[in-house]
Amino acid sequence: IRGRLSMTSHVDYYFSVASPWTYLGHERFSKLAERHDLDVSFRPVDFTRVLHASGGLLYQHRSEQRRRYRQVELDRWRHYLDIALTLEPAYYPVDRTPAGLLMVACRHLPQQTRFGLLQAILASIWRDNLDISNWQVLTSLLNNEGPDADAILAETRQPACQHLLERHTDDAIEAGVFGVPSYVLEEEIFWGQDRLDLLARALEAG
């Protein structure tokens, strides 16, 4: 498949560090990226702002019917994909800013390291019932994944990190992104982990 591409394709990966749907699709997207030699821009967003810009609501503000059906869908997908996922994690909703800043601070690390770290963050909340707003939890994840935790944590405190998090959100809104995860290939949005097969087809078509 890789041989069909005349050049490395680029995908903007818009995600929320606390999204169960990002979690359900993340490992599959990582494998897809490796298979197609994708250049991936990791773009954590302020999901509240993205929703407000598009008329959406956070989970806790949705109607009872929508919340209930969302849980049904999560249950279906976790069994279909055979992925361990807690439907009602201990720390959710959660402040997404610390983990979002952490992913921004890791922007210079190798792509596979960033894939691994984001997987660890997502699994922490949806599988392991950990608080991803807790800097001690994030430090432990960094140490487990191998990066220089002290340097990265120092980077998260720099104004540039907050600015980039806001810019990623602005870029998402400008690109027409309204939900996460969204994978943007040549300005074409593929929204949701259930569109990964369609993204793969687009990549195979070159």
# chains A, B, ... in the order shown; residues from 1 in each chain; ligands from 1
>>> residues_around(residues="A:Gln60", least_positions_apart="6", cutoff="12 Å", atoms="only C-alpha atoms", output="ChimeraX atom specification")
/A:48,66-68,70,92-94
>>> residues_around(residues="stretch 102-109 of chain A", least_positions_apart="2", cutoff="7 Å", atoms="only C-alpha atoms", output="NGL selection string")
:A and (98-100 or 111 or 113-114 or 152 or 155-156 or 161 or 165)
>>> write_last_selection(atoms="N, CA and C atoms", output="mmCIF file, in the first residue's frame")
data_model
loop_
_atom_site.group_PDB
_atom_site.id
_atom_site.type_symbol
_atom_site.label_atom_id
_atom_site.label_comp_id
_atom_site.auth_asym_id
_atom_site.auth_seq_id
_atom_site.Cartn_x
_atom_site.Cartn_y
_atom_site.Cartn_z
ATOM 1 N N PRO A 98 -4.214 20.321 31.480
ATOM 2 C CA PRO A 98 -2.863 19.816 31.747
ATOM 3 C C PRO A 98 -2.374 18.803 30.714
ATOM 4 N N ALA A 99 -3.195 17.814 30.399
ATOM 5 C CA ALA A 99 -2.775 16.796 29.429
ATOM 6 C C ALA A 99 -2.678 17.384 28.025
ATOM 7 N N GLY A 100 -3.542 18.354 27.718
ATOM 8 C CA GLY A 100 -3.447 19.019 26.425
ATOM 9 C C GLY A 100 -2.138 19.775 26.285
ATOM 10 N N GLN A 111 7.402 10.903 16.298
ATOM 11 C CA GLN A 111 5.964 10.686 16.120
ATOM 12 C C GLN A 111 5.463 9.479 16.903
ATOM 13 N N THR A 113 6.640 8.204 19.574
ATOM 14 C CA THR A 113 6.636 8.512 21.007
ATOM 15 C C THR A 113 5.378 9.282 21.372
ATOM 16 N N ARG A 114 4.985 10.212 20.520
ATOM 17 C CA ARG A 114 3.766 10.977 20.777
ATOM 18 C C ARG A 114 2.533 10.087 20.693
ATOM 19 N N ILE A 152 10.112 18.380 29.677
ATOM 20 C CA ILE A 152 8.790 18.522 29.073
ATOM 21 C C ILE A 152 7.834 19.238 30.022
ATOM 22 N N GLU A 155 8.456 22.789 29.890
ATOM 23 C CA GLU A 155 7.929 23.365 28.646
ATOM 24 C C GLU A 155 6.431 23.667 28.755
ATOM 25 N N THR A 156 5.685 22.813 29.480
ATOM 26 C CA THR A 156 4.240 23.040 29.607
ATOM 27 C C THR A 156 3.926 24.352 30.314
ATOM 28 N N CYS A 161 3.230 27.221 24.969
ATOM 29 C CA CYS A 161 2.401 26.013 24.968
ATOM 30 C C CYS A 161 0.917 26.377 25.002
ATOM 31 N N LEU A 165 -1.905 25.619 22.084
ATOM 32 C CA LEU A 165 -3.164 24.925 22.359
ATOM 33 C C LEU A 165 -4.339 25.750 21.842
#
>>> closest_atom_pairs(of="stretch 78-187 of chain A", to="stretch 11-27 of chain A", cutoff="10 Å", atoms="only C-alpha atoms", output="JSON lines")
{"residue": "A:Arg78", "atom": "CA", "partner": "A:Leu24", "partner_atom": "CA", "distance": 7.3}
{"residue": "A:Leu81", "atom": "CA", "partner": "A:Leu24", "partner_atom": "CA", "distance": 7.8}
{"residue": "A:Asp82", "atom": "CA", "partner": "A:Leu24", "partner_atom": "CA", "distance": 9.6}
{"residue": "A:Ile83", "atom": "CA", "partner": "A:Leu24", "partner_atom": "CA", "distance": 7.2}
{"residue": "A:Ala84", "atom": "CA", "partner": "A:Leu24", "partner_atom": "CA", "distance": 9.2}
{"residue": "A:Leu85", "atom": "CA", "partner": "A:Pro20", "partner_atom": "CA", "distance": 8.2}
{"residue": "A:Thr86", "atom": "CA", "partner": "A:Pro20", "partner_atom": "CA", "distance": 9.4}
{"residue": "A:Leu87", "atom": "CA", "partner": "A:Pro20", "partner_atom": "CA", "distance": 9.0}
{"residue": "A:Tyr91", "atom": "CA", "partner": "A:Ala18", "partner_atom": "CA", "distance": 9.9}
{"residue": "A:Tyr92", "atom": "CA", "partner": "A:Ala18", "partner_atom": "CA", "distance": 8.1}
{"residue": "A:Pro93", "atom": "CA", "partner": "A:Ala18", "partner_atom": "CA", "distance": 8.1}
{"residue": "A:Val94", "atom": "CA", "partner": "A:Ala18", "partner_atom": "CA", "distance": 7.4}
{"residue": "A:Asp95", "atom": "CA", "partner": "A:Ala18", "partner_atom": "CA", "distance": 8.6}
{"residue": "A:Arg96", "atom": "CA", "partner": "A:Val17", "partner_atom": "CA", "distance": 6.3}
{"residue": "A:Thr97", "atom": "CA", "partner": "A:Val17", "partner_atom": "CA", "distance": 8.7}
{"residue": "A:Pro98", "atom": "CA", "partner": "A:Val17", "partner_atom": "CA", "distance": 9.5}
{"residue": "A:Ala99", "atom": "CA", "partner": "A:Val17", "partner_atom": "CA", "distance": 6.5}
{"residue": "A:Gly100", "atom": "CA", "partner": "A:Val17", "partner_atom": "CA", "distance": 6.3}
{"residue": "A:Leu101", "atom": "CA", "partner": "A:Val17", "partner_atom": "CA", "distance": 9.9}
{"residue": "A:Leu102", "atom": "CA", "partner": "A:Val17", "partner_atom": "CA", "distance": 9.9}
{"residue": "A:Met103", "atom": "CA", "partner": "A:Val17", "partner_atom": "CA", "distance": 8.6}
{"residue": "A:Phe115", "atom": "CA", "partner": "A:His26", "partner_atom": "CA", "distance": 8.0}
{"residue": "A:Gly116", "atom": "CA", "partner": "A:Glu27", "partner_atom": "CA", "distance": 8.8}
{"residue": "A:Leu118", "atom": "CA", "partner": "A:Val17", "partner_atom": "CA", "distance": 7.4}
{"residue": "A:Gln119", "atom": "CA", "partner": "A:His26", "partner_atom": "CA", "distance": 6.7}
{"residue": "A:Ala120", "atom": "CA", "partner": "A:Tyr23", "partner_atom": "CA", "distance": 9.5}
{"residue": "A:Ile121", "atom": "CA", "partner": "A:Val17", "partner_atom": "CA", "distance": 6.9}
{"residue": "A:Leu122", "atom": "CA", "partner": "A:Tyr23", "partner_atom": "CA", "distance": 5.5}
{"residue": "A:Ala123", "atom": "CA", "partner": "A:Tyr23", "partner_atom": "CA", "distance": 7.0}
{"residue": "A:Ser124", "atom": "CA", "partner": "A:Ala18", "partner_atom": "CA", "distance": 9.6}
{"residue": "A:Ile125", "atom": "CA", "partner": "A:Ala18", "partner_atom": "CA", "distance": 7.2}
{"residue": "A:Trp126", "atom": "CA", "partner": "A:Pro20", "partner_atom": "CA", "distance": 6.8}
{"residue": "A:Arg127", "atom": "CA", "partner": "A:Tyr23", "partner_atom": "CA", "distance": 9.6}
{"residue": "A:Ile132", "atom": "CA", "partner": "A:Ala18", "partner_atom": "CA", "distance": 8.3}
{"residue": "A:Ser133", "atom": "CA", "partner": "A:Ala18", "partner_atom": "CA", "distance": 10.0}
{"residue": "A:His168", "atom": "CA", "partner": "A:Tyr14", "partner_atom": "CA", "distance": 8.0}
{"residue": "A:Thr169", "atom": "CA", "partner": "A:Tyr14", "partner_atom": "CA", "distance": 8.6}
{"residue": "A:Asp171", "atom": "CA", "partner": "A:Tyr14", "partner_atom": "CA", "distance": 9.4}
{"residue": "A:Ala172", "atom": "CA", "partner": "A:Tyr14", "partner_atom": "CA", "distance": 7.0}
{"residue": "A:Val177", "atom": "CA", "partner": "A:Tyr14", "partner_atom": "CA", "distance": 8.1}
{"residue": "A:Phe178", "atom": "CA", "partner": "A:Tyr14", "partner_atom": "CA", "distance": 9.9}
{"residue": "A:Gly179", "atom": "CA", "partner": "A:Phe15", "partner_atom": "CA", "distance": 8.3}
{"residue": "A:Val180", "atom": "CA", "partner": "A:Phe15", "partner_atom": "CA", "distance": 5.1}
{"residue": "A:Pro181", "atom": "CA", "partner": "A:Phe15", "partner_atom": "CA", "distance": 4.7}
{"residue": "A:Ser182", "atom": "CA", "partner": "A:Tyr14", "partner_atom": "CA", "distance": 5.1}
{"residue": "A:Tyr183", "atom": "CA", "partner": "A:Tyr13", "partner_atom": "CA", "distance": 4.9}
{"residue": "A:Val184", "atom": "CA", "partner": "A:Asp12", "partner_atom": "CA", "distance": 5.0}
{"residue": "A:Leu185", "atom": "CA", "partner": "A:Val11", "partner_atom": "CA", "distance": 4.9}
{"residue": "A:Glu186", "atom": "CA", "partner": "A:Val11", "partner_atom": "CA", "distance": 7.5}
{"residue": "A:Glu187", "atom": "CA", "partner": "A:Asp12", "partner_atom": "CA", "distance": 9.0}
>>> residues_around(residues="A:Thr139", least_positions_apart="3", cutoff="9 Å", atoms="only C-alpha atoms", output="list in words")
Asn134, Trp135, Gln136, Leu142, Asn143, Asn144, Ala149, Asp150 and Leu153 of chain A
>>> select_by_dssp(residues="stretch 3-116 of chain A", states="strand (DSSP E or B)", output="number ranges by chain")
A: 10-15, 39-44
>>> write_last_selection(atoms="N, CA, C and O atoms", output="mmCIF file, in the first residue's frame")
data_model
loop_
_atom_site.group_PDB
_atom_site.id
_atom_site.type_symbol
_atom_site.label_atom_id
_atom_site.label_comp_id
_atom_site.auth_asym_id
_atom_site.auth_seq_id
_atom_site.Cartn_x
_atom_site.Cartn_y
_atom_site.Cartn_z
ATOM 1 N N HIS A 10 0.087 13.876 4.622
ATOM 2 C CA HIS A 10 0.024 14.595 5.890
ATOM 3 C C HIS A 10 -1.409 14.598 6.408
ATOM 4 O O HIS A 10 -2.350 14.870 5.654
ATOM 5 N N VAL A 11 -1.562 14.297 7.692
ATOM 6 C CA VAL A 11 -2.873 14.315 8.336
ATOM 7 C C VAL A 11 -2.802 15.174 9.585
ATOM 8 O O VAL A 11 -1.904 15.001 10.423
ATOM 9 N N ASP A 12 -3.732 16.107 9.705
ATOM 10 C CA ASP A 12 -3.901 16.861 10.943
ATOM 11 C C ASP A 12 -4.834 16.069 11.849
ATOM 12 O O ASP A 12 -5.973 15.767 11.469
ATOM 13 N N TYR A 13 -4.357 15.749 13.027
ATOM 14 C CA TYR A 13 -5.073 14.894 13.979
ATOM 15 C C TYR A 13 -5.599 15.774 15.100
ATOM 16 O O TYR A 13 -4.858 16.151 16.005
ATOM 17 N N TYR A 14 -6.879 16.116 15.023
ATOM 18 C CA TYR A 14 -7.513 16.935 16.051
ATOM 19 C C TYR A 14 -8.176 16.016 17.069
ATOM 20 O O TYR A 14 -8.982 15.145 16.699
ATOM 21 N N PHE A 15 -7.851 16.229 18.339
ATOM 22 C CA PHE A 15 -8.352 15.310 19.362
ATOM 23 C C PHE A 15 -8.519 16.026 20.691
ATOM 24 O O PHE A 15 -7.980 17.105 20.925
ATOM 25 N N ASP A 39 2.780 11.601 7.843
ATOM 26 C CA ASP A 39 3.283 12.686 8.671
ATOM 27 C C ASP A 39 2.075 13.243 9.417
ATOM 28 O O ASP A 39 1.163 13.805 8.805
ATOM 29 N N VAL A 40 2.042 13.061 10.729
ATOM 30 C CA VAL A 40 0.869 13.421 11.530
ATOM 31 C C VAL A 40 1.157 14.643 12.388
ATOM 32 O O VAL A 40 2.157 14.679 13.116
ATOM 33 N N SER A 41 0.294 15.651 12.286
ATOM 34 C CA SER A 41 0.347 16.800 13.194
ATOM 35 C C SER A 41 -0.627 16.544 14.336
ATOM 36 O O SER A 41 -1.830 16.463 14.110
ATOM 37 N N PHE A 42 -0.101 16.395 15.539
ATOM 38 C CA PHE A 42 -0.930 16.174 16.721
ATOM 39 C C PHE A 42 -1.481 17.531 17.171
ATOM 40 O O PHE A 42 -0.720 18.432 17.513
ATOM 41 N N ARG A 43 -2.802 17.648 17.175
ATOM 42 C CA ARG A 43 -3.419 18.932 17.487
ATOM 43 C C ARG A 43 -4.476 18.785 18.582
ATOM 44 O O ARG A 43 -5.668 18.685 18.290
ATOM 45 N N PRO A 44 -4.034 18.744 19.842
ATOM 46 C CA PRO A 44 -5.016 18.761 20.936
ATOM 47 C C PRO A 44 -5.793 20.067 20.892
ATOM 48 O O PRO A 44 -5.239 21.113 20.554
#
>>> select_by_dssp(residues="chain A", states="helix (DSSP H, G or I)", output="PyMOL selection string")
chain A and resi 2-4+20-35+47-54+59-61+64-81+97-105+111-126+135-145+149-156+159-175+193-205
>>> atom_distance(atom1="atom CA of A:Leu32", atom2="atom CA of A:Asp197")
9.4 Å
>>> atom_distance(atom1="atom CA of A:Leu38", atom2="atom CA of A:Thr8")
5.9 Å
>>> closest_residue(among="A:Ala33, A:Ala200, A:Ala205, A:Ile173", to="A:Val50", atoms="only C-alpha atoms")
A:Ile173
>>> closest_residue(among="A:Leu117, A:Leu51, A:Asp194, A:Asp46", to="A:Tyr80", atoms="only C-alpha atoms")
A:Asp194
>>> closest_residue(among="A:Ser54, A:Val45, A:Glu88, A:Gly206", to="A:Val72", atoms="only C-alpha atoms")
A:Glu88
>>> atom_distance(atom1="atom CA of A:Arg157", atom2="atom CA of A:Ser140")
17.5 Å
>>> decode(residues="stretch 17-29 of chain A", atoms="all heavy atoms", output="PDB file, in the first residue's frame")
ATOM      1  N   VAL A  17      -7.916  15.080  24.753  1.00  0.00           N
ATOM      2  CA  VAL A  17      -7.203  14.094  25.572  1.00  0.00           C
ATOM      3  C   VAL A  17      -8.142  13.312  26.485  1.00  0.00           C
ATOM      4  O   VAL A  17      -7.719  12.334  27.103  1.00  0.00           O
ATOM      5  CB  VAL A  17      -6.111  14.774  26.423  1.00  0.00           C
ATOM      6  CG1 VAL A  17      -4.990  15.305  25.547  1.00  0.00           C
ATOM      7  CG2 VAL A  17      -6.710  15.902  27.280  1.00  0.00           C
ATOM      8  N   ALA A  18      -9.416  13.734  26.563  1.00  0.00           N
ATOM      9  CA  ALA A  18     -10.367  13.036  27.426  1.00  0.00           C
ATOM     10  C   ALA A  18     -11.498  12.384  26.629  1.00  0.00           C
ATOM     11  O   ALA A  18     -12.495  11.958  27.206  1.00  0.00           O
ATOM     12  CB  ALA A  18     -10.960  13.996  28.463  1.00  0.00           C
ATOM     13  N   SER A  19     -11.351  12.283  25.321  1.00  0.00           N
ATOM     14  CA  SER A  19     -12.423  11.744  24.476  1.00  0.00           C
ATOM     15  C   SER A  19     -12.389  10.219  24.425  1.00  0.00           C
ATOM     16  O   SER A  19     -11.379   9.632  24.019  1.00  0.00           O
ATOM     17  CB  SER A  19     -12.285  12.299  23.058  1.00  0.00           C
ATOM     18  OG  SER A  19     -13.024  11.523  22.135  1.00  0.00           O
ATOM     19  N   PRO A  20     -13.497   9.551  24.773  1.00  0.00           N
ATOM     20  CA  PRO A  20     -13.517   8.091  24.655  1.00  0.00           C
ATOM     21  C   PRO A  20     -13.427   7.633  23.205  1.00  0.00           C
ATOM     22  O   PRO A  20     -12.883   6.571  22.914  1.00  0.00           O
ATOM     23  CB  PRO A  20     -14.854   7.697  25.282  1.00  0.00           C
ATOM     24  CG  PRO A  20     -15.721   8.909  25.121  1.00  0.00           C
ATOM     25  CD  PRO A  20     -14.796  10.076  25.260  1.00  0.00           C
ATOM     26  N   TRP A  21     -13.940   8.453  22.293  1.00  0.00           N
ATOM     27  CA  TRP A  21     -13.895   8.089  20.878  1.00  0.00           C
ATOM     28  C   TRP A  21     -12.471   8.205  20.336  1.00  0.00           C
ATOM     29  O   TRP A  21     -12.056   7.389  19.498  1.00  0.00           O
ATOM     30  CB  TRP A  21     -14.868   8.966  20.087  1.00  0.00           C
ATOM     31  CG  TRP A  21     -16.250   8.923  20.658  1.00  0.00           C
ATOM     32  CD1 TRP A  21     -16.900   9.917  21.343  1.00  0.00           C
ATOM     33  CD2 TRP A  21     -17.152   7.809  20.636  1.00  0.00           C
ATOM     34  NE1 TRP A  21     -18.137   9.501  21.744  1.00  0.00           N
ATOM     35  CE2 TRP A  21     -18.325   8.209  21.325  1.00  0.00           C
ATOM     36  CE3 TRP A  21     -17.084   6.526  20.106  1.00  0.00           C
ATOM     37  CZ2 TRP A  21     -19.416   7.357  21.484  1.00  0.00           C
ATOM     38  CZ3 TRP A  21     -18.177   5.673  20.269  1.00  0.00           C
ATOM     39  CH2 TRP A  21     -19.310   6.097  20.943  1.00  0.00           C
ATOM     40  N   THR A  22     -11.743   9.212  20.807  1.00  0.00           N
ATOM     41  CA  THR A  22     -10.327   9.290  20.446  1.00  0.00           C
ATOM     42  C   THR A  22      -9.596   8.051  20.948  1.00  0.00           C
ATOM     43  O   THR A  22      -8.768   7.465  20.241  1.00  0.00           O
ATOM     44  CB  THR A  22      -9.689  10.566  21.028  1.00  0.00           C
ATOM     45  OG1 THR A  22     -10.370  11.721  20.526  1.00  0.00           O
ATOM     46  CG2 THR A  22      -8.217  10.665  20.652  1.00  0.00           C
ATOM     47  N   TYR A  23      -9.906   7.636  22.169  1.00  0.00           N
ATOM     48  CA  TYR A  23      -9.290   6.445  22.748  1.00  0.00           C
ATOM     49  C   TYR A  23      -9.597   5.205  21.915  1.00  0.00           C
ATOM     50  O   TYR A  23      -8.698   4.411  21.601  1.00  0.00           O
ATOM     51  CB  TYR A  23      -9.792   6.271  24.180  1.00  0.00           C
ATOM     52  CG  TYR A  23      -9.423   4.972  24.844  1.00  0.00           C
ATOM     53  CD1 TYR A  23      -8.101   4.540  24.923  1.00  0.00           C
ATOM     54  CD2 TYR A  23     -10.409   4.169  25.424  1.00  0.00           C
ATOM     55  CE1 TYR A  23      -7.764   3.345  25.553  1.00  0.00           C
ATOM     56  CE2 TYR A  23     -10.079   2.973  26.058  1.00  0.00           C
ATOM     57  CZ  TYR A  23      -8.764   2.563  26.117  1.00  0.00           C
ATOM     58  OH  TYR A  23      -8.436   1.386  26.734  1.00  0.00           O
ATOM     59  N   LEU A  24     -10.856   5.033  21.522  1.00  0.00           N
ATOM     60  CA  LEU A  24     -11.243   3.842  20.772  1.00  0.00           C
ATOM     61  C   LEU A  24     -10.562   3.770  19.405  1.00  0.00           C
ATOM     62  O   LEU A  24     -10.334   2.679  18.880  1.00  0.00           O
ATOM     63  CB  LEU A  24     -12.771   3.809  20.589  1.00  0.00           C
ATOM     64  CG  LEU A  24     -13.581   3.461  21.843  1.00  0.00           C
ATOM     65  CD1 LEU A  24     -15.065   3.663  21.597  1.00  0.00           C
ATOM     66  CD2 LEU A  24     -13.305   2.020  22.286  1.00  0.00           C
ATOM     67  N   GLY A  25     -10.238   4.920  18.835  1.00  0.00           N
ATOM     68  CA  GLY A  25      -9.626   4.904  17.512  1.00  0.00           C
ATOM     69  C   GLY A  25      -8.127   5.084  17.491  1.00  0.00           C
ATOM     70  O   GLY A  25      -7.497   4.891  16.440  1.00  0.00           O
ATOM     71  N   HIS A  26      -7.525   5.432  18.626  1.00  0.00           N
ATOM     72  CA  HIS A  26      -6.149   5.904  18.601  1.00  0.00           C
ATOM     73  C   HIS A  26      -5.145   4.847  18.139  1.00  0.00           C
ATOM     74  O   HIS A  26      -4.295   5.120  17.279  1.00  0.00           O
ATOM     75  CB  HIS A  26      -5.743   6.441  19.974  1.00  0.00           C
ATOM     76  CG  HIS A  26      -4.365   7.008  20.003  1.00  0.00           C
ATOM     77  ND1 HIS A  26      -4.031   8.181  19.355  1.00  0.00           N
ATOM     78  CD2 HIS A  26      -3.205   6.553  20.563  1.00  0.00           C
ATOM     79  CE1 HIS A  26      -2.750   8.435  19.527  1.00  0.00           C
ATOM     80  NE2 HIS A  26      -2.225   7.465  20.253  1.00  0.00           N
ATOM     81  N   GLU A  27      -5.216   3.656  18.672  1.00  0.00           N
ATOM     82  CA  GLU A  27      -4.242   2.635  18.279  1.00  0.00           C
ATOM     83  C   GLU A  27      -4.405   2.252  16.819  1.00  0.00           C
ATOM     84  O   GLU A  27      -3.415   2.013  16.116  1.00  0.00           O
ATOM     85  CB  GLU A  27      -4.364   1.402  19.178  1.00  0.00           C
ATOM     86  CG  GLU A  27      -3.750   1.584  20.552  1.00  0.00           C
ATOM     87  CD  GLU A  27      -3.532   0.262  21.264  1.00  0.00           C
ATOM     88  OE1 GLU A  27      -4.372  -0.650  21.089  1.00  0.00           O
ATOM     89  OE2 GLU A  27      -2.536   0.146  21.998  1.00  0.00           O
ATOM     90  N   ARG A  28      -5.648   2.215  16.336  1.00  0.00           N
ATOM     91  CA  ARG A  28      -5.871   1.905  14.922  1.00  0.00           C
ATOM     92  C   ARG A  28      -5.316   3.006  14.035  1.00  0.00           C
ATOM     93  O   ARG A  28      -4.735   2.732  12.979  1.00  0.00           O
ATOM     94  CB  ARG A  28      -7.361   1.700  14.670  1.00  0.00           C
ATOM     95  CG  ARG A  28      -7.829   0.336  15.127  1.00  0.00           C
ATOM     96  CD  ARG A  28      -9.293   0.293  15.536  1.00  0.00           C
ATOM     97  NE  ARG A  28     -10.176   0.809  14.510  1.00  0.00           N
ATOM     98  CZ  ARG A  28     -11.171   1.659  14.777  1.00  0.00           C
ATOM     99  NH1 ARG A  28     -11.364   2.108  16.016  1.00  0.00           N
ATOM    100  NH2 ARG A  28     -11.956   2.060  13.811  1.00  0.00           N
ATOM    101  N   PHE A  29      -5.474   4.261  14.463  1.00  0.00           N
ATOM    102  CA  PHE A  29      -4.914   5.348  13.670  1.00  0.00           C
ATOM    103  C   PHE A  29      -3.388   5.300  13.690  1.00  0.00           C
ATOM    104  O   PHE A  29      -2.734   5.562  12.673  1.00  0.00           O
ATOM    105  CB  PHE A  29      -5.403   6.694  14.195  1.00  0.00           C
ATOM    106  CG  PHE A  29      -4.843   7.875  13.447  1.00  0.00           C
ATOM    107  CD1 PHE A  29      -4.930   7.943  12.063  1.00  0.00           C
ATOM    108  CD2 PHE A  29      -4.224   8.913  14.121  1.00  0.00           C
ATOM    109  CE1 PHE A  29      -4.398   9.024  11.367  1.00  0.00           C
ATOM    110  CE2 PHE A  29      -3.697   9.995  13.443  1.00  0.00           C
ATOM    111  CZ  PHE A  29      -3.788  10.044  12.053  1.00  0.00           C
TER     112      PHE A  29
END
